[in-house]
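Text of the file work.tsv, holding TSV, C-alpha atoms:
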chain	number	residue	atom	x	y	z
A	260	MET	CA	-16.92	21.49	29.07
A	261	LYS	CA	-18.01	18.18	27.56
A	262	ILE	CA	-16.79	17.21	24.11
A	263	PRO	CA	-17.98	13.81	22.83
A	264	PHE	CA	-15.90	11.76	20.45
A	265	ASN	CA	-18.67	11.66	17.88
A	266	LYS	CA	-21.98	13.44	17.36
A	267	PRO	CA	-24.03	12.03	14.48
A	268	TYR	CA	-24.99	14.71	11.97
A	269	VAL	CA	-28.60	15.19	10.91
A	270	THR	CA	-29.44	17.30	7.86
A	271	GLY	CA	-33.03	18.15	8.86
A	272	ARG	CA	-34.72	16.33	5.98
A	273	GLU	CA	-34.62	12.85	7.51
A	274	MET	CA	-38.03	13.01	9.22
A	275	GLU	CA	-39.68	14.38	6.09
A	276	TYR	CA	-38.53	11.41	4.05
A	277	ILE	CA	-39.35	8.91	6.79
A	278	ARG	CA	-42.85	10.41	6.94
A	279	THR	CA	-43.15	9.79	3.20
A	280	VAL	CA	-42.38	6.11	3.75
A	281	VAL	CA	-44.97	5.88	6.53
A	282	GLU	CA	-47.65	7.59	4.45
A	283	TYR	CA	-46.94	5.42	1.43
A	284	GLY	CA	-46.89	2.25	3.53
A	285	ARG	CA	-44.01	0.51	1.75
A	286	PHE	CA	-41.55	-0.41	4.53
A	287	ALA	CA	-39.65	-3.42	3.17
A	288	GLY	CA	-36.40	-3.19	1.25
A	289	ASN	CA	-35.72	-2.28	-2.37
A	290	GLY	CA	-38.33	0.48	-2.43
A	291	ASP	CA	-38.08	3.96	-3.91
A	292	PHE	CA	-35.62	5.38	-1.38
A	293	SER	CA	-33.39	2.29	-1.53
A	294	GLN	CA	-33.23	2.56	-5.29
A	295	LYS	CA	-32.56	6.31	-5.18
A	296	CYS	CA	-29.71	5.75	-2.73
A	297	ALA	CA	-28.24	2.99	-4.90
A	298	ARG	CA	-28.29	5.17	-8.01
A	299	ARG	CA	-26.73	8.06	-6.09
A	300	LEU	CA	-23.97	5.79	-4.82
A	301	GLU	CA	-23.26	4.64	-8.35
A	302	GLU	CA	-22.93	8.30	-9.39
A	303	ILE	CA	-20.66	9.15	-6.45
A	304	THR	CA	-18.38	6.11	-6.64
A	305	GLY	CA	-18.40	5.26	-10.32
A	306	SER	CA	-19.25	1.64	-9.50
A	307	ARG	CA	-21.33	-0.29	-12.02
A	308	LYS	CA	-23.84	-1.44	-9.42
A	309	ALA	CA	-24.58	-0.47	-5.80
A	310	ILE	CA	-26.78	-2.56	-3.52
A	311	LEU	CA	-28.03	-1.08	-0.26
A	312	VAL	CA	-27.62	-3.53	2.64
A	313	PRO	CA	-28.28	-3.48	6.42
A	314	SER	CA	-24.64	-2.81	7.40
A	315	GLY	CA	-21.06	-2.62	6.20
A	316	THR	CA	-20.62	-6.03	7.81
A	317	ALA	CA	-23.44	-7.41	5.64
A	318	ALA	CA	-21.74	-5.91	2.57
A	319	LEU	CA	-18.50	-7.71	3.43
A	320	GLU	CA	-20.32	-11.00	4.02
A	321	MET	CA	-22.28	-10.73	0.78
A	322	MET	CA	-19.07	-9.90	-1.06
A	323	MET	CA	-17.45	-13.11	0.17
A	324	VAL	CA	-20.45	-15.18	-0.92
A	325	LEU	CA	-20.34	-13.67	-4.42
A	326	ALA	CA	-16.57	-14.15	-4.61
A	327	GLY	CA	-17.04	-17.85	-3.91
A	328	ILE	CA	-14.77	-17.79	-0.86
A	329	GLY	CA	-15.06	-21.11	0.97
A	330	PRO	CA	-13.37	-23.78	3.09
A	331	GLY	CA	-9.67	-24.13	2.42
A	332	ASP	CA	-9.36	-20.69	0.85
A	333	GLU	CA	-7.13	-17.91	2.16
A	334	VAL	CA	-7.71	-14.16	2.00
A	335	ILE	CA	-4.87	-11.70	2.61
A	336	MET	CA	-5.74	-8.71	4.80
A	337	PRO	CA	-4.29	-6.40	7.44
A	338	SER	CA	-4.63	-7.24	11.12
A	339	PHE	CA	-5.21	-3.54	11.82
A	340	THR	CA	-8.94	-3.50	11.08
A	341	PHE	CA	-12.33	-4.16	12.67
A	342	SER	CA	-13.43	-7.72	13.34
A	343	SER	CA	-16.07	-7.58	10.58
A	344	THR	CA	-13.34	-7.73	7.94
A	345	ALA	CA	-12.07	-11.08	9.19
A	346	ASN	CA	-15.48	-12.40	10.25
A	347	ALA	CA	-16.73	-12.18	6.68
A	348	VAL	CA	-13.94	-14.55	5.64
A	349	VAL	CA	-14.18	-16.89	8.62
A	350	LEU	CA	-17.95	-17.29	8.25
A	351	ARG	CA	-17.31	-18.78	4.81
A	352	GLY	CA	-14.94	-21.36	6.33
A	353	ALA	CA	-11.87	-19.61	4.90
A	354	THR	CA	-8.71	-18.37	6.62
A	355	PRO	CA	-7.66	-14.74	7.02
A	356	VAL	CA	-3.94	-14.31	6.42
A	357	PHE	CA	-2.81	-11.22	8.30
A	358	ILE	CA	0.02	-9.02	7.06
A	359	ASP	CA	1.61	-5.90	8.49
A	360	ILE	CA	0.77	-2.28	7.75
A	361	ARG	CA	2.73	0.66	6.39
A	362	PRO	CA	4.09	3.07	9.02
A	363	ASP	CA	2.91	6.13	7.07
A	364	THR	CA	-0.75	5.47	6.20
A	365	LEU	CA	-1.41	2.51	8.53
A	366	ASN	CA	-2.77	0.68	5.50
A	367	MET	CA	-1.87	-2.81	4.28
A	368	ASP	CA	1.81	-2.92	3.32
A	369	GLU	CA	1.60	-3.78	-0.35
A	370	THR	CA	5.25	-4.90	-0.39
A	371	LEU	CA	4.31	-7.83	1.85
A	372	VAL	CA	1.35	-9.11	-0.17
A	373	GLU	CA	3.16	-11.29	-2.68
A	374	ALA	CA	5.12	-13.19	-0.03
A	375	ALA	CA	1.83	-14.08	1.69
A	376	ILE	CA	0.33	-15.70	-1.42
A	377	THR	CA	-0.01	-19.51	-1.40
A	378	PRO	CA	-1.82	-21.96	-3.70
A	379	ARG	CA	-4.85	-21.50	-1.42
A	380	THR	CA	-5.04	-17.70	-1.77
A	381	ARG	CA	-8.23	-16.55	-3.46
A	382	ALA	CA	-8.38	-12.83	-2.74
A	383	ILE	CA	-6.64	-9.73	-1.40
A	384	LEU	CA	-8.71	-7.64	1.01
A	385	PRO	CA	-7.26	-4.13	1.40
A	386	VAL	CA	-8.73	-1.93	4.15
A	387	HIS	CA	-8.57	1.81	3.44
A	388	TYR	CA	-7.93	3.13	6.94
A	389	ALA	CA	-9.42	6.53	7.84
A	390	GLY	CA	-10.62	7.04	4.28
A	391	VAL	CA	-7.04	7.12	2.95
A	392	GLY	CA	-6.42	4.70	0.11
A	393	CYS	CA	-4.08	1.74	0.03
A	394	GLU	CA	-1.46	1.57	-2.73
A	395	MET	CA	-3.98	0.13	-5.14
A	396	ASP	CA	-1.97	0.10	-8.37
A	397	THR	CA	0.52	-2.30	-6.80
A	398	ILE	CA	-2.18	-4.43	-5.19
A	399	MET	CA	-4.16	-4.69	-8.44
A	400	SER	CA	-1.01	-5.59	-10.37
A	401	ILE	CA	-0.14	-8.39	-7.91
A	402	ALA	CA	-3.71	-9.68	-8.03
A	403	GLU	CA	-3.72	-9.77	-11.82
A	404	LYS	CA	-0.37	-11.54	-11.90
A	405	HIS	CA	-1.61	-14.30	-9.58
A	406	GLY	CA	-5.23	-14.50	-10.75
A	407	LEU	CA	-6.68	-13.18	-7.48
A	408	LEU	CA	-9.73	-11.07	-6.66
A	409	VAL	CA	-9.37	-7.69	-4.98
A	410	LEU	CA	-12.21	-7.09	-2.52
A	411	GLU	CA	-12.04	-3.64	-0.91
A	412	ASP	CA	-13.07	-2.89	2.65
A	413	SER	CA	-13.98	0.73	1.95
A	414	ALA	CA	-16.24	1.04	4.99
A	415	GLN	CA	-14.82	4.48	5.89
A	416	CYS	CA	-14.48	5.83	2.37
A	417	ILE	CA	-17.44	7.78	1.00
A	418	LEU	CA	-15.92	10.62	-1.10
A	419	SER	CA	-12.35	9.37	-0.67
A	420	TYR	CA	-10.17	8.76	-3.70
A	421	TYR	CA	-7.05	7.08	-5.02
A	422	LYS	CA	-5.64	8.71	-8.15
A	423	ASN	CA	-9.05	10.32	-8.78
A	424	ARG	CA	-10.91	7.01	-8.54
A	425	HIS	CA	-13.34	6.52	-5.68
A	426	LEU	CA	-12.22	3.94	-3.13
A	427	GLY	CA	-14.31	0.79	-3.38
A	428	SER	CA	-14.48	1.09	-7.17
A	429	LEU	CA	-11.03	-0.26	-8.03
A	430	GLY	CA	-11.30	-3.94	-7.10
A	431	GLN	CA	-13.94	-6.39	-8.29
A	432	MET	CA	-16.15	-5.35	-5.34
A	433	GLY	CA	-16.13	-2.96	-2.41
A	434	ALA	CA	-18.01	-2.67	0.90
A	435	VAL	CA	-19.21	0.63	2.39
A	436	SER	CA	-20.60	1.36	5.87
A	437	PHE	CA	-23.29	3.84	6.92
A	438	HIS	CA	-22.99	3.07	10.61
A	439	VAL	CA	-23.74	5.96	12.95
A	440	THR	CA	-19.99	6.43	13.50
A	441	LYS	CA	-19.39	7.11	9.79
A	442	ASN	CA	-19.42	10.47	7.98
A	443	ILE	CA	-22.64	9.60	6.16
A	444	HIS	CA	-24.97	7.40	8.17
A	445	CYS	CA	-28.44	5.97	8.72
A	446	GLY	CA	-27.86	4.48	12.16
A	447	GLU	CA	-27.04	1.05	10.73
A	448	GLY	CA	-26.55	0.56	7.02
A	449	GLY	CA	-24.13	-0.23	4.24
A	450	ALA	CA	-23.69	-0.81	0.54
A	451	LEU	CA	-22.04	-3.37	-1.69
A	452	LEU	CA	-20.30	-1.84	-4.70
A	453	ILE	CA	-19.95	-4.19	-7.67
A	454	ASN	CA	-17.41	-3.18	-10.30
A	455	ASP	CA	-17.23	-6.42	-12.28
A	456	PRO	CA	-20.57	-7.04	-14.06
A	457	ALA	CA	-19.94	-10.79	-13.88
A	458	PHE	CA	-21.25	-10.61	-10.30
A	459	ASN	CA	-24.40	-8.59	-11.03
A	460	GLU	CA	-26.93	-11.35	-11.73
A	461	ARG	CA	-25.92	-13.53	-8.80
A	462	ALA	CA	-25.92	-10.49	-6.50
A	463	GLU	CA	-29.64	-10.04	-7.19
A	464	ILE	CA	-30.21	-13.65	-6.11
A	465	VAL	CA	-27.97	-13.61	-3.02
A	466	MET	CA	-29.55	-10.42	-1.67
A	467	GLU	CA	-33.05	-11.95	-2.04
A	468	LYS	CA	-32.43	-14.93	0.29
A	469	GLY	CA	-31.10	-17.03	-2.57
A	470	THR	CA	-34.25	-16.73	-4.69
A	471	ASP	CA	-34.74	-15.42	-8.22
A	472	ARG	CA	-37.37	-12.99	-6.90
A	473	SER	CA	-35.81	-10.05	-8.74
A	474	LYS	CA	-36.35	-11.78	-12.08
A	475	PHE	CA	-39.99	-12.28	-11.11
A	476	PHE	CA	-40.46	-8.57	-10.40
A	477	HIS	CA	-38.72	-7.73	-13.67
A	478	GLY	CA	-41.22	-9.92	-15.50
A	479	GLU	CA	-38.58	-12.36	-16.67
A	480	ILE	CA	-40.20	-15.42	-15.00
A	481	ASP	CA	-43.76	-16.24	-13.90
A	482	LYS	CA	-42.78	-17.48	-10.42
A	483	TYR	CA	-39.72	-17.41	-8.22
A	484	THR	CA	-38.01	-20.06	-6.12
A	485	TRP	CA	-34.87	-20.89	-4.15
A	486	VAL	CA	-31.95	-21.21	-6.58
A	487	ASP	CA	-28.75	-20.38	-4.62
A	488	VAL	CA	-27.38	-19.53	-1.20
A	489	GLY	CA	-28.31	-16.12	0.12
A	490	SER	CA	-29.59	-14.15	3.06
A	491	SER	CA	-31.71	-11.14	3.98
A	492	TYR	CA	-29.45	-8.44	2.61
A	493	LEU	CA	-32.04	-5.72	1.95
A	494	VAL	CA	-32.17	-2.59	4.10
A	495	ASN	CA	-35.61	-1.35	5.18
A	496	GLU	CA	-37.10	1.75	3.58
A	497	ILE	CA	-37.09	3.85	6.77
A	498	SER	CA	-33.31	3.52	6.99
A	499	ALA	CA	-33.00	4.20	3.27
A	500	ALA	CA	-35.11	7.35	3.61
A	501	PHE	CA	-32.84	8.60	6.40
A	502	LEU	CA	-29.80	7.80	4.27
A	503	TRP	CA	-31.20	9.65	1.26
A	504	ALA	CA	-31.29	12.87	3.30
A	505	GLN	CA	-27.62	12.30	4.15
A	506	LEU	CA	-26.56	11.49	0.60
A	507	GLU	CA	-28.23	14.65	-0.69
A	508	GLU	CA	-25.75	16.66	1.40
A	509	ALA	CA	-22.81	14.28	1.26
A	510	GLU	CA	-20.42	16.75	-0.37
A	511	ILE	CA	-21.32	19.47	2.15
A	512	ILE	CA	-20.86	17.13	5.12
A	513	ILE	CA	-17.49	15.90	3.89
A	514	GLU	CA	-16.25	19.42	3.15
A	515	ARG	CA	-17.10	20.52	6.70
A	516	ARG	CA	-15.21	17.55	8.08
A	517	ARG	CA	-12.21	18.36	5.89
A	518	GLU	CA	-12.16	21.87	7.33
A	519	LEU	CA	-12.02	20.47	10.87
A	520	TRP	CA	-9.37	17.90	9.88
A	521	ASN	CA	-7.24	20.67	8.38
A	522	ARG	CA	-7.60	22.83	11.52
A	523	TYR	CA	-6.20	19.99	13.59
A	524	HIS	CA	-3.46	19.33	11.08
A	525	GLU	CA	-2.25	22.93	10.91
A	526	ALA	CA	-2.46	23.51	14.67
A	527	LEU	CA	-0.52	20.38	15.59
A	528	VAL	CA	2.51	21.10	13.38
A	529	PRO	CA	4.49	22.67	16.28
A	530	LEU	CA	3.86	19.62	18.48
A	531	GLU	CA	4.97	17.31	15.69
A	532	THR	CA	8.05	19.46	15.02
A	533	ALA	CA	8.89	19.27	18.72
A	534	GLY	CA	8.80	15.47	18.49
A	535	LEU	CA	5.83	15.09	20.86
A	536	LEU	CA	3.52	13.32	18.42
A	537	ARG	CA	3.06	12.34	14.81
A	538	CYS	CA	0.18	13.54	12.66
A	539	PRO	CA	-1.54	11.52	9.90
A	540	ILE	CA	0.27	11.17	6.58
A	541	VAL	CA	-1.79	11.35	3.38
A	542	PRO	CA	0.07	10.54	0.14
A	543	ASP	CA	-0.61	12.88	-2.79
A	544	GLU	CA	-2.33	10.13	-4.75
A	545	CYS	CA	-4.83	9.67	-1.91
A	546	ALA	CA	-6.24	13.19	-2.06
A	547	PRO	CA	-8.89	14.24	-1.59
A	548	HIS	CA	-9.79	12.06	1.38
A	549	ASN	CA	-12.99	12.34	3.40
A	550	ALA	CA	-11.57	13.33	6.81
A	551	HIS	CA	-13.16	10.36	8.52
A	552	ILE	CA	-10.56	10.13	11.30
A	553	TYR	CA	-8.00	12.47	12.77
A	554	TYR	CA	-5.54	10.46	14.81
A	555	ILE	CA	-2.24	11.20	16.46
A	556	LEU	CA	0.59	8.80	17.28
A	557	LEU	CA	2.21	9.38	20.65
A	558	ASN	CA	5.79	8.36	21.40
A	559	THR	CA	4.91	5.50	23.75
A	560	PRO	CA	1.84	3.48	24.73
A	561	GLN	CA	2.12	4.95	28.22
A	562	SER	CA	1.96	8.54	26.94
A	563	ARG	CA	-1.08	7.61	24.81
A	564	ASP	CA	-2.87	6.23	27.85
A	565	GLU	CA	-1.89	9.21	30.02
A	566	LEU	CA	-3.13	11.67	27.41
A	567	MET	CA	-6.42	9.82	27.00
A	568	ALA	CA	-6.93	9.84	30.77
A	569	ASP	CA	-6.06	13.53	31.03
A	570	PHE	CA	-8.52	14.34	28.25
A	571	LYS	CA	-11.20	12.53	30.22
A	572	THR	CA	-10.61	14.76	33.27
A	573	ARG	CA	-11.06	17.75	30.97
A	574	GLY	CA	-14.36	16.41	29.60
A	575	ILE	CA	-12.95	15.37	26.22
A	576	LEU	CA	-13.55	11.86	24.93
A	577	ALA	CA	-10.76	10.52	22.73
A	578	VAL	CA	-10.53	6.85	21.83
A	579	PHE	CA	-8.14	4.33	20.32
A	580	HIS	CA	-8.44	1.34	18.03
A	581	TYR	CA	-7.89	-1.37	16.89
A	582	ILE	CA	-6.68	-4.23	19.04
A	583	PRO	CA	-4.81	-6.07	16.24
A	584	LEU	CA	-6.82	-9.06	15.07
A	585	ASP	CA	-3.81	-11.37	14.99
A	586	THR	CA	-3.43	-10.92	18.77
A	587	ALA	CA	-7.13	-11.31	19.56
A	588	LEU	CA	-8.52	-14.58	20.91
A	589	ALA	CA	-10.55	-15.30	17.78
A	590	GLY	CA	-7.72	-14.16	15.52
A	591	ARG	CA	-5.27	-16.60	17.05
A	592	ALA	CA	-7.80	-19.38	16.62
A	593	CYS	CA	-8.71	-18.53	13.02
A	594	SER	CA	-5.23	-17.76	11.74
A	595	PRO	CA	-2.79	-19.60	14.02
A	596	THR	CA	0.16	-19.45	11.60
A	597	SER	CA	0.27	-15.66	11.30
A	598	SER	CA	3.75	-14.19	11.70
A	599	PRO	CA	4.49	-11.33	14.13
A	600	LEU	CA	3.41	-7.93	12.81
A	601	PRO	CA	5.75	-5.42	14.47
A	602	VAL	CA	4.48	-2.22	12.81
A	603	THR	CA	0.85	-3.08	13.61
A	604	ALA	CA	1.72	-3.89	17.23
A	605	ASP	CA	3.71	-0.69	17.66
A	606	LEU	CA	1.37	1.84	16.04
A	607	SER	CA	-1.89	0.43	17.38
A	608	ALA	CA	-0.53	0.84	20.92
A	609	ARG	CA	0.37	4.51	20.36
A	610	LEU	CA	-2.62	5.75	18.36
A	611	LEU	CA	-5.28	8.11	19.71
A	612	ARG	CA	-8.30	9.37	17.76
A	613	LEU	CA	-9.37	12.95	18.41
A	614	PRO	CA	-13.03	14.05	18.39
A	615	LEU	CA	-14.23	14.87	14.88
A	616	PHE	CA	-17.81	15.68	13.89
A	617	VAL	CA	-19.68	18.44	12.08
A	618	GLY	CA	-20.21	21.30	14.52
A	619	LEU	CA	-17.13	20.53	16.62
A	620	GLU	CA	-15.11	23.42	18.05
A	621	THR	CA	-11.56	22.15	17.60
A	622	GLU	CA	-9.87	24.90	19.64
A	623	PRO	CA	-10.65	23.45	23.10
A	624	VAL	CA	-9.33	20.05	22.01
A	625	ILE	CA	-6.15	21.56	20.59
A	626	GLU	CA	-5.59	23.66	23.73
A	627	ALA	CA	-6.13	20.66	25.98
A	628	LEU	CA	-3.73	18.60	23.88
A	629	GLN	CA	-1.05	21.28	24.11
A	630	LEU	CA	-1.45	21.65	27.87
A	631	SER	CA	-1.49	17.90	28.47
A	632	LEU	CA	1.66	17.28	26.47
A	633	GLU	CA	3.46	20.17	28.16
A	634	GLN	CA	2.63	18.70	31.56
A	635	MET	CA	3.56	15.17	30.51
A	636	ASN	CA	6.89	16.26	29.08
A	637	GLY	CA	7.86	18.67	31.86
Would you encode the structure as structure tokens?
Amino acid sequence: MKIPFNKPYVTGREMEYIRTVVEYGRFAGNGDFSQKCARRLEEITGSRKAILVPSGTAALEMMMVLAGIGPGDEVIMPSFTFSSTANAVVLRGATPVFIDIRPDTLNMDETLVEAAITPRTRAILPVHYAGVGCEMDTIMSIAEKHGLLVLEDSAQCILSYYKNRHLGSLGQMGAVSFHVTKNIHCGEGGALLINDPAFNERAEIVMEKGTDRSKFFHGEIDKYTWVDVGSSYLVNEISAAFLWAQLEEAEIIIERRRELWNRYHEALVPLETAGLLRCPIVPDECAPHNAHIYYILLNTPQSRDELMADFKTRGILAVFHYIPLDTALAGRACSPTSSPLPVTADLSARLLRLPLFVGLETEPVIEALQLSLEQMNG
């Protein structure tokens, strides 16, 4: 028996749409499929404007450019996230200010945000872990009080909600990932969601290498030139065609993942009741979520490592993440004044992600988990 951690889902229409791109001969970005994907994302998320980009990382970087984040600025974020979240800030010459996470959702602890604000703070960067939303009402209220931007890292969040609003649509901007590890993917891809129209015009310039090329194509000017900073933030049409096939079935894909997530959740209740592990906690206001991750928290780091090793002998690949950014080499260099984050340190050392992908048979994983924990606990 071999059970991988992830198996990318393919709908069956991807090659048909890629063939259309090849036959038409338009391969560069911002073509028909890119525009169809952007409009679909606007429908799904409720954002005013969606821009398809090469990766979730690119979406975060573009977001920081549009927000005007620069040298001397500070951005408040959790340490429990992927390096791309902090890199987007550091690449602008700014400083990530790491705060601790909540023990229930593993999201940014909103009660710690205000104490982290200084005269240099420009933005709050919540990360919605596992597609479960942060406490956004509180975060938005704090941001409004202090005149700060809210820039959402919603990389894992397609079809995840907070109080019936799609994650990534609540702050001024949000970043989405379509990496192969995500529920909806195109190998490598992402999207920038813009919710404040004040950023729309500049976004068109930044995504076109800092030129006003979009105005030229719209017939607003007779030539285009370099007018601002920017980069190559357009995704190619082959990737967009692949993504369109995925977005067509997004609701079906997410519903299948929710079924698997719920199977895990129901089956592991006895183990949680026995005090052998802790299952994910999803607050009522964060439903429905998109079942991106099913994780368990073991009682000690040692038991997490033993379980992961035992799974491997049984042919099951389970993984952990993240190494907290405040303890990483680059994190210590970029944010040397960060205070200890005890909840982040504790939970990150005890977390294990179970396999979760469309087509997975959860029963062998659940049986292996039960047997392993019985053996480990005598």
message: Let me make sure I understand: among A:His524, A:Tyr581, A:Glu369, A:Thr586, which one has the smallest atom-to-atom distance to A:Leu613 if we use only C-alpha atoms?
response: A:His524
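Here atom CA of A:Pro330 and atom CA of A:Cys593 stand 12.2 Å from one another.
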Using only C-alpha atoms, which residues of stretch 278-373 of chain A come within 9 Å of stretch 379-393 of chain A, and what is the closest atom pair for each, with the distance in Å to one decimal? Give it as CSV, sorted by chain and residue number.
residue,atom,partner,partner_atom,distance
A:Ala326,CA,A:Ala382,CA,8.5
A:Gly327,CA,A:Arg381,CA,8.9
A:Ile328,CA,A:Arg381,CA,7.1
A:Gly331,CA,A:Arg379,CA,6.7
A:Asp332,CA,A:Arg379,CA,5.1
A:Glu333,CA,A:Thr380,CA,4.5
A:Val334,CA,A:Ala382,CA,5.0
A:Ile335,CA,A:Ile383,CA,4.8
A:Met336,CA,A:Leu384,CA,4.9
A:Pro337,CA,A:Pro385,CA,7.1
A:Phe339,CA,A:Val386,CA,8.6
A:Thr340,CA,A:Val386,CA,7.1
A:Thr344,CA,A:Val386,CA,8.3
A:Val356,CA,A:Thr380,CA,8.9
A:Thr364,CA,A:Val391,CA,7.3
A:Leu365,CA,A:Tyr388,CA,6.7
A:Asn366,CA,A:Cys393,CA,5.7
A:Met367,CA,A:Pro385,CA,6.3
A:Asp368,CA,A:Cys393,CA,8.2
A:Glu369,CA,A:Cys393,CA,7.9
A:Val372,CA,A:Ile383,CA,8.1
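Nearest residue to A:Phe286 among A:Arg361, A:Val528, A:Ala500, A:Leu506 is A:Ala500, counting only C-alpha atoms.
Note that the spacing between atom CA of A:Glu460 and atom CA of A:Asp291 amounts to 20.5 Å.
Among the candidate residues A:Pro362, A:Gly271, A:Pro263, A:Gly449, the one lying nearest to A:Val312 is A:Gly449, with distances computed using only C-alpha atoms.
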message: Report as a ChimeraX atom specification all protein, DNA and RNA residues lying within 7 Å of A:Ser490, evaluated on all atoms listed in the file, omitting residues in the same chain fewer than 3 positions from it.
response: /A:465-469
May I have a table of the residues of stretch 424-538 of chain A lying at most 10 Å from stretch 547-560 of chain A, giving each one's closest pair of atoms and their distance in Å to one decimal, counting all atoms listed in the file, ordered by chain and ascending residue number, as a tab-separated table?
residue	atom	partner	partner_atom	distance
A:His425	CA	A:His548	CA	9.7
A:Leu426	CA	A:His548	CA	9.6
A:Thr440	CA	A:His551	CA	9.3
A:Lys441	CA	A:His551	CA	7.1
A:Asn442	CA	A:His551	CA	6.3
A:Ile443	CA	A:His551	CA	9.8
A:Glu510	CA	A:Asn549	CA	9.4
A:Ile512	CA	A:Asn549	CA	9.4
A:Ile513	CA	A:Asn549	CA	5.8
A:Glu514	CA	A:Asn549	CA	7.8
A:Arg515	CA	A:Ala550	CA	9.1
A:Arg516	CA	A:Ala550	CA	5.7
A:Arg517	CA	A:Ala550	CA	5.2
A:Glu518	CA	A:Ala550	CA	8.6
A:Leu519	CA	A:Ala550	CA	8.2
A:Trp520	CA	A:Ala550	CA	5.9
A:Asn521	CA	A:Ala550	CA	8.7
A:Tyr523	CA	A:Tyr553	CA	7.8
A:His524	CA	A:Tyr553	CA	8.4
A:Leu527	CA	A:Ile555	CA	9.4
A:Glu531	CA	A:Ile555	CA	9.5
A:Gly534	CA	A:Asn558	CA	8.3
A:Leu535	CA	A:Asn558	CA	6.8
A:Leu536	CA	A:Leu557	CA	4.7
A:Arg537	CA	A:Leu556	CA	5.0
A:Cys538	CA	A:Ile555	CA	5.1
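Atom CA of A:Leu451 lies 12.6 Å from atom CA of A:Cys416.
Taking all atoms listed in the file into account, the polymer residues that have an atom no farther than 10 Å from (-0.9, -20.7, 8.8) are Glu333, Thr354, Pro355, Val356, Phe357, Cys593, Ser594, Pro595, Thr596, Ser597 and Ser598 of chain A.
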Closest-contact table, stretch 459-511 of chain A side, partner stretch 292-309 of chain A, 8 Å, counting only C-alpha atoms, as CSV:
residue,atom,partner,partner_atom,distance
A:Asn459,CA,A:Lys308,CA,7.4
A:Val494,CA,A:Ser293,CA,7.5
A:Asn495,CA,A:Ser293,CA,7.9
A:Glu496,CA,A:Phe292,CA,6.3
A:Ala499,CA,A:Ser293,CA,5.2
A:Ala500,CA,A:Phe292,CA,5.4
A:Leu502,CA,A:Cys296,CA,7.3
A:Trp503,CA,A:Cys296,CA,5.8
A:Leu506,CA,A:Cys296,CA,7.3
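You can rank A:Val281, A:Ile376, A:Ala414, A:Ala592 by their closest distance to A:Ala402 using all atoms listed in the file, and at the top of that list sits A:Ile376.
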List the residues sitting within 7 Å of (-5.9, 17.4, 29.2) in the file's frame, using only C-alpha atoms, as a PDB file with C-alpha atoms, keeping the file's coordinate frame.
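Here's the written file selection24.pdb:
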ATOM      1  CA  LEU A 566      -3.130  11.670  27.410  1.00  0.00           C
ATOM      2  CA  ASP A 569      -6.060  13.530  31.030  1.00  0.00           C
ATOM      3  CA  PHE A 570      -8.520  14.340  28.250  1.00  0.00           C
ATOM      4  CA  THR A 572     -10.610  14.760  33.270  1.00  0.00           C
ATOM      5  CA  ARG A 573     -11.060  17.750  30.970  1.00  0.00           C
ATOM      6  CA  ALA A 627      -6.130  20.660  25.980  1.00  0.00           C
ATOM      7  CA  LEU A 628      -3.730  18.600  23.880  1.00  0.00           C
ATOM      8  CA  LEU A 630      -1.450  21.650  27.870  1.00  0.00           C
ATOM      9  CA  SER A 631      -1.490  17.900  28.470  1.00  0.00           C
TER      10      SER A 631
END
task: Find the spatial neighbours of A:Lys474, counting all atoms listed in the file, within a cut-off of 10 Å - ignore same-chain residues fewer than 4 positions away - and output them as a PyMOL selection string.
output: chain A and resi 460+463-464+470+478-483
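Nearest residue to A:Ser436, choosing from A:Leu619, A:Ala374, A:Met567, A:Ile417 and counting all atoms listed in the file: A:Ile417.
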message: Measuring between only C-alpha atoms, which one of A:Asp455, A:Ala462, A:Glu544, A:Thr316 shows the shortest distance to A:His438?
response: A:Thr316
